[in-house]
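For reference, the structure discussed in these notes is given below.
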Amino acid sequence: MFLKVKNLTKRFGGLVAVDNFSMEVTRRQITGLIGPNGAGKTTVLNMLSGLYRPDGGSIVFEDREISGKRPFEIARMGVGRTFQNIRLFNELNVLENVKIAHGWRSRDNLLLTMIGGTRVSRAEKEITRKAEECLERLDLLRLKNEYPGNLPYGTQRRVEIARALGSDPKLLLLDEPAAGLNPNEVHELMATLRKLVEDLDISIVLIEHRMEIVLNLCEWIFVLDFGKKIAEGTPKQIRENPAVIAAYLGEESRDA
Amino acid sequence: SGGGAGSQGKESAKNLPDILIGNPQDLSSTNSAYGKGITNSAQMIFDKVNAEGGINGRKLKLVTYDVKLDVNEAINAYKRLCDQDKVVAVLAPPVSNQVLALAPIAEEKKVPLVGPFVDDRCTNPEPGKLWNYTFIMQQSSKQQAQALAAYAMNELKFKKFALLYNVGNSFSVSLAKPFMEYVKANGGQIVAEETFQFGDKDFRGQLTKIKAANPDAIYLPNYPAEIPLNIQQAKDLGIKAQLLGDNVCLPFALQAGEAAEGLIFHNSIDPNDPNNQEFIKAYKERYKIDPVPQAYSGYDSAMILVEAIKLAAKEGEITPASITRNLLNVKDMPGLQSKITLSPTTHKMIKPTVPILKIQNAQFICLTKYVSPE
Amino acid sequence: MIIQQLVNGFSVGAVYALIAVGFGLVFNVLKFSNFSHGSTMGISAYIAYLFAMKFHLSIVPTVSIGTIAGGICAVLVELIAFRPLRKRGGQIVYFFVTSITMLMLLENILVIFFGDTFYAFPKMIASTAITVAGVSISTLYLVMLGCSVCALALLSYWLKYTKMGVAIRAASCAINTCNLMGANVDAVISWTFFVAGLMAGLSGSLLGISYTLYPQIGQIVVKGFIASVVGGLGNLTGAVVGAILLGILEVFFIATIGAGLTPAATFAIMVLFLFLRPQGVAGTIVRDKA
Amino acid sequence: MLDIKELYVSYGRITALQGVSMHVPRSSIVCIIGNNGAGKSTLLNAISGMVKPKSGEITFEGRPLPAHPHQIVKAGIVQVPEGRQVFPILSVDENLTMGGYVLSYREIRERKARVYELFPRLKERAGQAAGTLSGGEQQMLAIGRALMSSPKVILFDEPSLGLAPMVVSQVFELIAKIKESGVTVVLVEQNARKALSVADTAYVLENGKVVLEGRASELLENPMVEAAYLGGRKSA
Amino acid sequence: MEYYTSVLMFGAISTIGTLGTFVLTGLTGLFSLGQAAFMAIGAYSAAMGVVRYNLPFAPAVILSVGIAVGLAYIIGYATLNLRQDYFALSTFGFGEAVRAVLTTSVQLTGGALGMTGIPKLTTGPLVVISLVVVVWLIRNVRVSRFGRECVALRLDETAAQAMGVDVFWRKMQVFMLGAALSAYAGALLAFYTSYAEPNMFGWMRSVEWIIMVFLGGRDSLTGALLGSFVLNTAPEVLRFASQMRTAIYCILILVTLNLRPRGLLGAWELSFSGIFGQRRSAVTRGGGSQHVS
Ligand SMILES: Nc1ncnc2c1ncn2[C@@H]1O[C@H](COP(=O)(O)OP(=O)(O)OP(=O)(O)O)[C@@H](O)[C@H]1O
Ligand SMILES: Nc1ncnc2c1ncn2[C@@H]1O[C@H](COP(=O)(O)OP(=O)(O)OP(=O)(O)O)[C@@H](O)[C@H]1O
Ligand SMILES: [Mg+2]
Ligand SMILES: [Mg+2]
């Protein structure tokens, strides 16, 4: 199994943000994670990427237990992510932002770097090449020298995705990647994501409130409410699930 | 080259070049009061000499640089004074640490450093060895501290002593060590040795311990910012032991008010000495403040330089070398501190007197003038 | 002797506490170590001294004048050193640099004007120490402790329950958004500095009265720095508790291992404490939510 | 109510607004749509005084706008900024207090009660540091915060961002209600279809220029708008 | 002549220490108020190695650098995981502790009276070569992924972690690097002045280094060098001002920072056709939303 989450629990004081949540993700699959605001989706993602330490349960990624590992270790095992509230490095330009994610892959160390030499500059070139490739995938190459803080909100979201790709992840965790995009851009994004899965052989876990994306893109969807899983299934099943409609979609979605 | 702050020497009528004396002092940091005191006194003397026509018609001019308390700054300033300004002598800062660093450099530059620093190592790096270009113009810390110790043991018959001093301050340490050595060597006892660091303002913790050790006397070889607090807080805690102070107690111990009554301390001058009245009056008139202790020793330092320059002028050229040589030729100069003759082997004053003073009714009275055995 | 030492430590702590409350205000609220707080203390102490000498004032008017002088001085410092930097888009970290420079500058100004000698306030209170059952405590320390407790209560209320207080904290994380809410950020920050300055003036003049005056008197602000940080971010109560702990700790070490090594021992305890209790005395960890 | 004439805004080399003119009538909803980087947020920021226009003028109730953001808020214009921008270290309750900064304490208390009624979730979280709220909760807070000051004009910058579908509907209902109560609304939205359906008039921005304006219902039918901003077809 | 050499020597030695602060505080955003203490450790341990234990110069210096790095590791281990102001506080405490130990161990160090009789082994060429080498090393760090990662973790530690940056270890490396440079500078200093006293290494010296870095522009190596050069020579140039000197020096800094709020050079680097990477300064919108803790 690629990713297997079992009985994951997270508490904040009295609040149980994630309650015995289990899920499975297979290779080359886009999985949706939806639910009302405050349901615990981002919290799940934070635990997957190691930013939060779970209070219970296990996360097994490629047959290795990763709960309790530090975020950078998890990232190096092949889990990349974006943030719901954009967290780009505002004083680094777009290219450098992406380079950060690839940095750890290069085979050098501080002492070697200090002395310099061709080996180091070759490593740096490789990082640059890789970063530009990621930017290219999201059609951002022409913005590589811009500083993210000066870019429009929607573009910043795409830079986040490019940066998450920078480390060659096997699993990509996207937290509301389409927020701030207009419908046309959403379509482009969907195409991009599909292509990523095909080209790079990765899996994606996607949190989104824009139903058109989730329903079109995801093969399997998990629905959270108050930290508990209330449903899982194919887009079709989810759309018709009365519990999901009541808790999340609302009546109006029926005609959508 | 840079001009000194206080040097407004008028253009020499005959257009002879001024005789430049370097004056690297702390003017902007913790010891600025001393630096300014020395500068003030030196300026007074130089103005007087210049008003009388200078030396061989040449005016004396002070080249003053700020060096803070920084050793590197002192080195740079000294080198600059020697190389750029071409001074013939340097009025050294009263901070022994700086002179310790400068002494080896002076061996190369061969420009004498004369000043009221106190550490014996400034002239004798080790017993029997001599730095040729440094001259201590104050009773050395050893002379002062041991004079007080001797007085307390012989005259006051004290046996048990306690100390409270600033371990971070070389001045304090260089007084405390010989004091303790003397006491131990002469059958006394150090019942408590308490210390503090720069910036400390509350000493009750240490004093409480000292009180418990029940000494006959407590020696406080500290700086002006600390002495009044030492005294005040000791009294607050109900300590009855005799308090002993150092040569900054005049006048700063008085800041402790009534608590300072009865304090006994060593000093470099006797303020009641009729010889000194003229200086005190002139200083107060000119600078509108009481002279700090270093103003007295700075005065003597500048005085001996003037004397040496005069002797050198008589010999011929006024050069650093001739001044250095002639500093030892000044005999029995009537300084504020004592009659001053410098020893050729230690470059310290020969048998200087150390006045032991006491505060009585907010007045300083001289108990005795102890003549240092050295 | 043990009780006396405890009281000694507590007294020293009271002094630190008063400094920590003022220092902590800017530190907790605007998130930078404002070392110029120290020089504000120094300047107000000298101003109080000048007035006290000239008009033969008693303690209350002297301290009041010092307090107000501190407030004004701090506002001026903000105006000269921090505001232009903020307006031109400097980062908050640069404030630390300017504040240290301000500390050096103001201290130097004191040296230029007053550095010729050392000063002491005229005697202001009848009895400098109160002795109860053989244990003595300085009256002025009691006054300082009282002042810090009052100031702590007032400031905590101010920060928690008034619009201005909330706005100050809001400005610390997002000045622009704070502006968008209709708060005049310039005024808000000026007020913060004014209040912190009042505290500096108060502690400065009380310090001057109980100690001697010299230009570097403000360097004691580092104790406020230690207390505020140990206390825990965002918490003035923590700063005060931290200050008193620091005082007691110092006196304890002085009494046991001597003053020479006290800084080393204090450092060791401090690191151990922070290691065991990373939120400080009273702070809460506000973890970054991703 | 709010009149914008020939507004130019630039950031260094980049010109973000190139001569935008706009009329916002009293108690109406004006919707602004446009692609990423079209200059929508810049326009709102210019109105709130956060960026200084290079030229052009903005008048509010016949008078030029004051110079500083806080004065503009006093005059009655508030913004729900893009990306929420709640004060992370303040509690929910304190964030709301900040929203009512220009009011008296009594008014603050009253309005807080109303906001809590509107968003019960916020009430549950009143003491929590806003930085730890979920994305959607933060968005609710941002909206609630703007409602605190009883403004005459509210500028919404993508209010539906990160909200669950049900809440999105609620928010649009709320916006309609706000308008009913006599408040003027300027709405920037990516969810153009929903936005146009509540709006009275609408403007389409492209590269800092107004390329299309008109009644919202007309734009909704406009094939060009349909193609460029509504996704070509009804969302799935 | 010797005067100028002496000024330049002190300047160059101090610059070596400043470069450590550049990486540590400028790039990584860690405020260490104890860098001068590492300098003290370098100075004293090298001097003691030579004077008391008769070690040759080079091993003594290497040993002293090693000691500093070891201590940095211990302190870093305890504090680099904590909030950043705790790090500032701990390094401050460390500095004071080192000074206390140096003043107290009179037998070994001479205490407050200072350590005299250190042979004068630091020569001009040695200092110049050291400086050039150190600048080269730091330049390489600056333009490499390490420099970039330092800036990234300064800007957003959480995001950097999630991108695979080992934040703790990176900070540790930088801290040890800074300690090594400070210690090396200290050793050079001790064998140049042939005298050392604890008060030469107070926390204000660490602060001076920070000021130098920020004055030059925290992100710019050229800026750090410029800042160091300007502020090391300023006191000498200002000698004429006598007691007003410190005041003028401070006003100079304040005015500069007011006119150039991101330091003299911002993030600009001197570049010899590609030797240095091309950089432009970032003008970030909503700059106020930066949360510095
Ligand atoms: N660090 C924290 N401290 C306290 N409470 C927290 C913390 N992080 C999250 N919470 C709470 O846990 C709940 C779940 O938050 P989470 O961010 O996972 O929601 P979400 O499903 O991502 O919602 P949204 O769609 O609105 O982003 C929320 O109610 C939030 O307030
Ligand atoms: N601070 C800034 N510095 C430089 N350029 C900026 C700045 N802010 C915005 N811009 C530029 O101005 C243009 C308009 O940006 P704006 O944020 O107004 O777009 P928007 O329409 O709100 O986009 P989105 O829908 O993504 O939020 C963009 O090209 C952007 O890059
Ligand atoms: Mg979320
Ligand atoms: Mg926008």
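Residue numbering restarts at 1 for every chain of the structure tokens, chains are lettered A, B, ... in their displayed order, and ligands are numbered from 1 as they appear.
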Test item: chain C residues at most 9 Å from chain D, counting only C-alpha atoms, as an MDAnalysis selection string: chainID C and resid 160:164 166:167 169:171 173:174 176:185 286:290
Okay, now the selection with N, CA, C and O atoms, as a compact mmCIF listing (two decimals), in the first residue's frame?
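That gives us selection28.txt:
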```txt
# COMPACT_ATOMS: atom_id res chain seq x y z
N LYS C 160 -5.30 44.09 27.49
CA LYS C 160 -6.29 43.04 27.27
C LYS C 160 -7.65 43.65 26.94
O LYS C 160 -8.37 43.15 26.08
N TYR C 161 -8.00 44.71 27.61
CA TYR C 161 -9.39 45.13 27.53
C TYR C 161 -9.66 46.45 26.83
O TYR C 161 -10.79 46.84 26.66
N THR C 162 -8.63 47.17 26.47
CA THR C 162 -8.94 48.42 25.77
C THR C 162 -8.66 48.24 24.28
O THR C 162 -7.86 47.39 23.88
N LYS C 163 -9.34 49.05 23.49
CA LYS C 163 -9.15 48.98 22.04
C LYS C 163 -7.69 49.25 21.70
O LYS C 163 -7.09 48.57 20.89
N MET C 164 -7.17 50.27 22.36
CA MET C 164 -5.78 50.64 22.08
C MET C 164 -4.85 49.46 22.36
O MET C 164 -3.96 49.13 21.56
N VAL C 166 -5.52 46.26 22.41
CA VAL C 166 -5.67 45.21 21.41
C VAL C 166 -4.99 45.64 20.11
O VAL C 166 -4.31 44.86 19.45
N ALA C 167 -5.18 46.92 19.76
CA ALA C 167 -4.60 47.41 18.51
C ALA C 167 -3.08 47.31 18.54
O ALA C 167 -2.44 46.99 17.54
N ARG C 169 -1.31 45.12 20.06
CA ARG C 169 -0.90 43.75 19.80
C ARG C 169 -1.14 43.38 18.34
O ARG C 169 -0.37 42.64 17.73
N ALA C 170 -2.24 43.91 17.81
CA ALA C 170 -2.54 43.61 16.40
C ALA C 170 -1.45 44.18 15.51
O ALA C 170 -0.99 43.54 14.56
N ALA C 171 -1.01 45.39 15.84
CA ALA C 171 0.01 46.04 15.01
C ALA C 171 1.29 45.21 15.00
O ALA C 171 2.03 45.23 14.02
N CYS C 173 1.63 42.11 14.64
CA CYS C 173 1.73 41.08 13.61
C CYS C 173 1.38 41.59 12.22
O CYS C 173 1.84 41.02 11.24
N ALA C 174 0.59 42.62 12.11
CA ALA C 174 0.26 43.09 10.77
C ALA C 174 -0.12 44.57 10.82
O ALA C 174 -1.27 44.92 11.08
N ASN C 176 -0.25 46.76 8.42
CA ASN C 176 -1.14 47.23 7.37
C ASN C 176 -2.59 46.88 7.65
O ASN C 176 -3.49 47.71 7.50
N THR C 177 -2.80 45.63 8.06
CA THR C 177 -4.16 45.21 8.33
C THR C 177 -4.73 46.02 9.49
O THR C 177 -5.90 46.37 9.50
N CYS C 178 -3.88 46.32 10.42
CA CYS C 178 -4.31 47.11 11.56
C CYS C 178 -4.82 48.46 11.08
O CYS C 178 -5.84 48.96 11.54
N ASN C 179 -4.12 49.01 10.13
CA ASN C 179 -4.54 50.26 9.52
C ASN C 179 -5.90 50.11 8.87
O ASN C 179 -6.75 50.99 8.95
N LEU C 180 -6.09 48.99 8.22
CA LEU C 180 -7.36 48.72 7.52
C LEU C 180 -8.54 48.66 8.47
O LEU C 180 -9.68 48.75 8.05
N MET C 181 -8.27 48.42 9.74
CA MET C 181 -9.35 48.33 10.71
C MET C 181 -9.72 49.71 11.25
O MET C 181 -10.56 49.84 12.11
N GLY C 182 -9.01 50.72 10.78
CA GLY C 182 -9.32 52.05 11.24
C GLY C 182 -8.49 52.52 12.41
O GLY C 182 -8.77 53.54 13.01
N ALA C 183 -7.48 51.75 12.76
CA ALA C 183 -6.61 52.19 13.85
C ALA C 183 -5.48 53.03 13.25
O ALA C 183 -4.90 52.65 12.24
N ASN C 184 -5.21 54.14 13.88
CA ASN C 184 -4.09 54.96 13.43
C ASN C 184 -2.81 54.36 14.02
O ASN C 184 -2.47 54.60 15.17
N VAL C 185 -2.13 53.59 13.20
CA VAL C 185 -1.03 52.80 13.72
C VAL C 185 0.08 53.69 14.30
O VAL C 185 0.67 53.38 15.33
N VAL C 286 2.48 29.66 20.92
CA VAL C 286 1.58 29.83 19.80
C VAL C 286 2.25 29.17 18.61
O VAL C 286 3.14 29.74 17.99
N ARG C 287 1.86 27.95 18.37
CA ARG C 287 2.50 27.25 17.27
C ARG C 287 1.97 27.79 15.95
O ARG C 287 0.80 28.10 15.82
N ASP C 288 2.82 27.88 15.04
CA ASP C 288 2.44 28.26 13.70
C ASP C 288 1.49 27.22 13.14
O ASP C 288 1.82 26.05 13.11
N LYS C 289 0.32 27.64 12.70
CA LYS C 289 -0.54 26.65 12.06
C LYS C 289 -0.25 26.68 10.56
O LYS C 289 -0.15 27.72 9.96
N ALA C 290 -0.07 25.52 10.01
CA ALA C 290 0.26 25.49 8.59
C ALA C 290 -1.00 25.58 7.75
O ALA C 290 -2.06 25.19 8.19
```
Residues within 7 Å of A:Gly233, only C-alpha atoms, excluding chain neighbours under 5 positions, as a PyMOL selection string: chain A and resi 220-222+238
Write a file of the selected residues as a PDB file, in the first residue's frame, keeping N, CA and C atoms.
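Writing the result to again38.pdb gives the following:
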```pdb
ATOM      1  N   TRP A 220     -11.286   8.997  -5.816  1.00  0.00           N
ATOM      2  CA  TRP A 220     -11.842   8.554  -4.542  1.00  0.00           C
ATOM      3  C   TRP A 220     -11.874   9.759  -3.611  1.00  0.00           C
ATOM      4  N   ILE A 221     -12.959   9.849  -2.850  1.00  0.00           N
ATOM      5  CA  ILE A 221     -13.107  11.036  -2.009  1.00  0.00           C
ATOM      6  C   ILE A 221     -13.414  10.628  -0.570  1.00  0.00           C
ATOM      7  N   PHE A 222     -12.750  11.305   0.342  1.00  0.00           N
ATOM      8  CA  PHE A 222     -13.065  11.120   1.764  1.00  0.00           C
ATOM      9  C   PHE A 222     -13.743  12.379   2.258  1.00  0.00           C
ATOM     10  N   ILE A 238     -20.406  10.126  -3.600  1.00  0.00           N
ATOM     11  CA  ILE A 238     -20.337  11.225  -2.646  1.00  0.00           C
ATOM     12  C   ILE A 238     -21.394  12.276  -2.928  1.00  0.00           C
TER      13      ILE A 238
END
```
Counting only C-alpha atoms and all ligand atoms, name the residues that have an atom within 7 Å of an atom of ligand 2; the answer should be given as a short mmCIF file (atom, residue, chain, number, x, y, z; two decimals) with C-alpha atoms, in the first residue's frame.
```
data_model
loop_
_atom_site.label_atom_id
_atom_site.label_comp_id
_atom_site.auth_asym_id
_atom_site.auth_seq_id
_atom_site.Cartn_x
_atom_site.Cartn_y
_atom_site.Cartn_z
CA GLY A 149 4.85 38.83 -2.82
CA ASN A 150 4.38 40.95 -5.92
CA LEU A 151 2.41 38.34 -7.81
CA PRO A 152 -1.35 38.08 -7.92
CA TYR A 153 -2.89 35.69 -5.45
CA GLY A 154 -3.79 33.05 -7.98
CA THR A 155 -0.29 32.96 -9.39
CA GLY A 180 -8.43 32.40 -5.91
CA LEU A 181 -8.50 31.01 -9.43
CA TYR D 11 4.22 49.44 -8.45
CA GLY D 12 7.58 50.54 -9.69
CA ILE D 14 4.51 47.57 -13.24
CA THR D 15 1.37 49.56 -13.92
CA ALA D 16 -1.44 47.70 -12.21
CA GLY D 34 -11.20 39.63 -13.96
CA ASN D 35 -8.33 37.29 -14.36
CA ASN D 36 -5.49 36.73 -12.05
CA GLY D 37 -3.45 39.89 -11.83
CA ALA D 38 -6.02 42.02 -13.57
CA GLY D 39 -5.75 44.57 -10.80
CA LYS D 40 -8.86 43.87 -8.78
CA SER D 41 -7.15 43.80 -5.43
CA THR D 42 -5.14 46.81 -6.37
CA LEU D 43 -8.33 48.71 -7.05
CA VAL E 283 9.89 44.81 -2.64
CA THR E 284 7.24 42.88 -0.89
CA ARG E 285 3.74 44.09 -0.66
#
```
Residues within 6 Å of stretch 132-140 of chain C, only C-alpha atoms, excluding chain neighbours under 4 positions, as a VMD selection string: (chain B and resid 237) or (chain C and resid 4 128)
Go ahead and dump the residues you just picked, all heavy atoms, as a short mmCIF file (atom, residue, chain, number, x, y, z; two decimals), in the first residue's frame.
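Generated file (result_16.cif):
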```
data_model
loop_
_atom_site.label_atom_id
_atom_site.label_comp_id
_atom_site.auth_asym_id
_atom_site.auth_seq_id
_atom_site.Cartn_x
_atom_site.Cartn_y
_atom_site.Cartn_z
N LEU B 237 22.16 47.03 56.37
CA LEU B 237 22.11 45.68 56.92
C LEU B 237 22.59 45.65 58.37
O LEU B 237 22.68 44.60 58.98
CB LEU B 237 22.97 44.74 56.08
CG LEU B 237 22.38 44.35 54.74
CD1 LEU B 237 23.41 43.60 53.92
CD2 LEU B 237 21.15 43.50 54.92
N GLN C 4 17.25 36.64 55.38
CA GLN C 4 17.79 37.90 54.87
C GLN C 4 18.17 37.76 53.40
O GLN C 4 17.87 38.62 52.58
CB GLN C 4 19.03 38.31 55.70
CG GLN C 4 19.69 39.57 55.21
CD GLN C 4 18.84 40.81 55.43
OE1 GLN C 4 18.41 41.10 56.54
NE2 GLN C 4 18.56 41.53 54.36
N THR C 128 16.25 54.64 54.97
CA THR C 128 16.54 53.93 53.74
C THR C 128 16.18 52.46 53.84
O THR C 128 15.96 51.81 52.84
CB THR C 128 18.02 54.05 53.39
OG1 THR C 128 18.77 53.66 54.53
CG2 THR C 128 18.38 55.45 52.98
#
```
Test item, helix (DSSP H, G or I) assignment across stretch 2-222 of chain E, answer as a ChimeraX atom specification: /E:2-27,35-51,57-79,84-104,106-109,111-113,124-143,145-155,157-162,167-193,198-201,203-216,221-222
Picked from stretch 11-225 of chain A by DSSP as strand (DSSP E or B), as a ChimeraX atom specification: /A:11-12,15-25,30-34,56-61,64-65,79-81,171-175,203-207,220-225
Contact set, chain B to chain C: 10 Å, only C-alpha atoms, as a PyMOL selection string: chain B and resi 27-37+40+165-168+193-197+199-212+224-229+232-233+235-238+251-252+254-258+287+289-292
Surroundings of ligand 1 up to 6 Å, based on only C-alpha atoms and all ligand atoms, as a list in words: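 Based on only C-alpha atoms and all ligand atoms, ligand 1 is surrounded within 6 Å by Phe12, Ala17, Pro36, Asn37, Gly38, Ala39, Gly40, Lys41, Thr42 and Thr43 of chain A; Lys289 of chain C; Thr132, Leu133, Ser134, Gly135, Gly136 and Glu137 of chain D.
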Now that the selection is made, can you save its residues with all heavy atoms as a short mmCIF file (atom, residue, chain, number, x, y, z; two decimals), in the first residue's frame?
```
data_model
loop_
_atom_site.label_atom_id
_atom_site.label_comp_id
_atom_site.auth_asym_id
_atom_site.auth_seq_id
_atom_site.Cartn_x
_atom_site.Cartn_y
_atom_site.Cartn_z
N PHE A 12 -6.75 19.36 20.10
CA PHE A 12 -6.22 20.67 20.52
C PHE A 12 -6.96 21.04 21.78
O PHE A 12 -8.12 21.45 21.71
CB PHE A 12 -6.45 21.72 19.45
CG PHE A 12 -5.69 21.46 18.18
CD1 PHE A 12 -6.35 21.11 17.02
CD2 PHE A 12 -4.31 21.55 18.15
CE1 PHE A 12 -5.66 20.87 15.86
CE2 PHE A 12 -3.61 21.31 16.99
CZ PHE A 12 -4.28 20.97 15.84
N ALA A 17 -9.86 17.58 16.83
CA ALA A 17 -9.89 18.11 15.47
C ALA A 17 -9.96 17.00 14.44
O ALA A 17 -10.60 17.13 13.41
CB ALA A 17 -8.66 18.99 15.22
N PRO A 36 -16.77 20.27 5.73
CA PRO A 36 -17.06 21.66 6.08
C PRO A 36 -15.84 22.37 6.66
O PRO A 36 -14.83 21.74 6.97
CB PRO A 36 -18.14 21.52 7.15
CG PRO A 36 -18.62 20.13 7.10
CD PRO A 36 -17.57 19.31 6.46
N ASN A 37 -15.96 23.66 6.79
CA ASN A 37 -14.86 24.42 7.37
C ASN A 37 -14.61 23.97 8.80
O ASN A 37 -15.54 23.81 9.58
CB ASN A 37 -15.20 25.91 7.36
CG ASN A 37 -15.26 26.44 5.95
OD1 ASN A 37 -16.27 27.00 5.53
ND2 ASN A 37 -14.20 26.24 5.19
N GLY A 38 -13.35 23.77 9.09
CA GLY A 38 -13.00 23.37 10.44
C GLY A 38 -13.21 21.89 10.69
O GLY A 38 -13.20 21.44 11.83
N ALA A 39 -13.38 21.11 9.63
CA ALA A 39 -13.64 19.68 9.82
C ALA A 39 -12.37 18.93 10.20
O ALA A 39 -12.44 17.84 10.75
CB ALA A 39 -14.22 19.10 8.53
N GLY A 40 -11.24 19.49 9.89
CA GLY A 40 -9.99 18.82 10.26
C GLY A 40 -9.17 18.40 9.07
O GLY A 40 -8.21 17.64 9.21
N LYS A 41 -9.50 18.87 7.90
CA LYS A 41 -8.79 18.45 6.69
C LYS A 41 -7.33 18.91 6.72
O LYS A 41 -6.40 18.11 6.52
CB LYS A 41 -9.48 19.04 5.44
CG LYS A 41 -10.96 18.73 5.35
CD LYS A 41 -11.61 19.36 4.15
CE LYS A 41 -11.65 20.88 4.18
NZ LYS A 41 -12.45 21.44 5.26
N THR A 42 -7.16 20.19 6.95
CA THR A 42 -5.79 20.71 6.99
C THR A 42 -4.99 20.02 8.10
O THR A 42 -3.80 19.74 7.94
CB THR A 42 -5.81 22.23 7.20
OG1 THR A 42 -6.57 22.81 6.15
CG2 THR A 42 -4.42 22.80 7.20
N THR A 43 -5.67 19.74 9.18
CA THR A 43 -4.98 19.06 10.28
C THR A 43 -4.47 17.69 9.83
O THR A 43 -3.36 17.30 10.18
CB THR A 43 -5.93 18.94 11.49
OG1 THR A 43 -6.47 20.23 11.76
CG2 THR A 43 -5.21 18.42 12.70
N LYS C 289 0.32 27.64 12.70
CA LYS C 289 -0.54 26.65 12.06
C LYS C 289 -0.25 26.68 10.56
O LYS C 289 -0.15 27.72 9.96
CB LYS C 289 -2.01 26.98 12.29
CG LYS C 289 -2.95 25.98 11.66
CD LYS C 289 -4.38 26.34 11.95
CE LYS C 289 -5.36 25.33 11.38
NZ LYS C 289 -5.48 25.41 9.94
N THR D 132 -4.81 29.91 14.59
CA THR D 132 -4.99 28.46 14.60
C THR D 132 -6.37 28.05 14.07
O THR D 132 -6.70 26.87 14.08
CB THR D 132 -4.83 27.90 16.02
OG1 THR D 132 -5.87 28.44 16.84
CG2 THR D 132 -3.49 28.24 16.61
N LEU D 133 -7.15 29.00 13.64
CA LEU D 133 -8.45 28.64 13.06
C LEU D 133 -8.25 27.94 11.74
O LEU D 133 -7.23 28.10 11.08
CB LEU D 133 -9.27 29.91 12.80
CG LEU D 133 -9.80 30.67 14.01
CD1 LEU D 133 -10.53 31.90 13.53
CD2 LEU D 133 -10.70 29.80 14.85
N SER D 134 -9.26 27.19 11.33
CA SER D 134 -9.18 26.60 10.00
C SER D 134 -9.34 27.72 8.98
O SER D 134 -9.80 28.81 9.31
CB SER D 134 -10.27 25.57 9.82
OG SER D 134 -11.47 26.18 9.40
N GLY D 135 -8.96 27.42 7.75
CA GLY D 135 -9.00 28.44 6.72
C GLY D 135 -10.36 29.10 6.60
O GLY D 135 -10.50 30.32 6.56
N GLY D 136 -11.39 28.26 6.56
CA GLY D 136 -12.73 28.79 6.41
C GLY D 136 -13.16 29.63 7.60
O GLY D 136 -13.78 30.68 7.45
N GLU D 137 -12.80 29.14 8.78
CA GLU D 137 -13.13 29.91 9.98
C GLU D 137 -12.47 31.27 9.94
O GLU D 137 -13.05 32.29 10.34
CB GLU D 137 -12.68 29.13 11.22
CG GLU D 137 -13.52 27.89 11.50
CD GLU D 137 -12.84 26.89 12.44
OE1 GLU D 137 -11.62 27.03 12.71
OE2 GLU D 137 -13.52 25.97 12.87
#
```
Which of A:Gly78, A:Pro54, A:Pro169, A:Gly35 sits closest to chain D [using only C-alpha atoms]: A:Gly35
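Here atom CA of C:Leu276 and atom CA of E:Leu33 stand 22.1 Å from one another.
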Distance of atom CA of B:Ile231 from atom CA of B:Ala213, expressed in Å to one decimal place: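 If I compute the distance from atom CA of B:Ala213 to atom CA of B:Ile231, I get 17.2 Å.
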Who sits within 9 Å of B:Leu60, only C-alpha atoms, same chain under 6 positions skipped, as a ChimeraX atom specification: /B:9,18-21,46-47,49-50,54,306
Could you write out the selected residues, including C-alpha atoms, as an mmCIF file, in the first residue's frame?
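Once everything was written out, this is selection-v7.cif:
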```cif
data_model
loop_
_atom_site.group_PDB
_atom_site.id
_atom_site.type_symbol
_atom_site.label_atom_id
_atom_site.label_comp_id
_atom_site.auth_asym_id
_atom_site.auth_seq_id
_atom_site.Cartn_x
_atom_site.Cartn_y
_atom_site.Cartn_z
ATOM 1 C CA GLY B 9 46.591 77.156 22.127
ATOM 2 C CA ASP B 18 54.101 73.384 19.122
ATOM 3 C CA ILE B 19 55.330 70.637 21.374
ATOM 4 C CA LEU B 20 52.676 67.979 21.037
ATOM 5 C CA ILE B 21 51.726 65.734 23.914
ATOM 6 C CA PHE B 46 49.849 73.578 29.697
ATOM 7 C CA ASP B 47 47.887 76.819 29.555
ATOM 8 C CA VAL B 49 53.189 77.147 30.902
ATOM 9 C CA ASN B 50 52.122 78.604 27.575
ATOM 10 C CA GLY B 54 56.102 78.139 26.728
ATOM 11 C CA VAL B 306 56.644 69.587 31.668
#
```
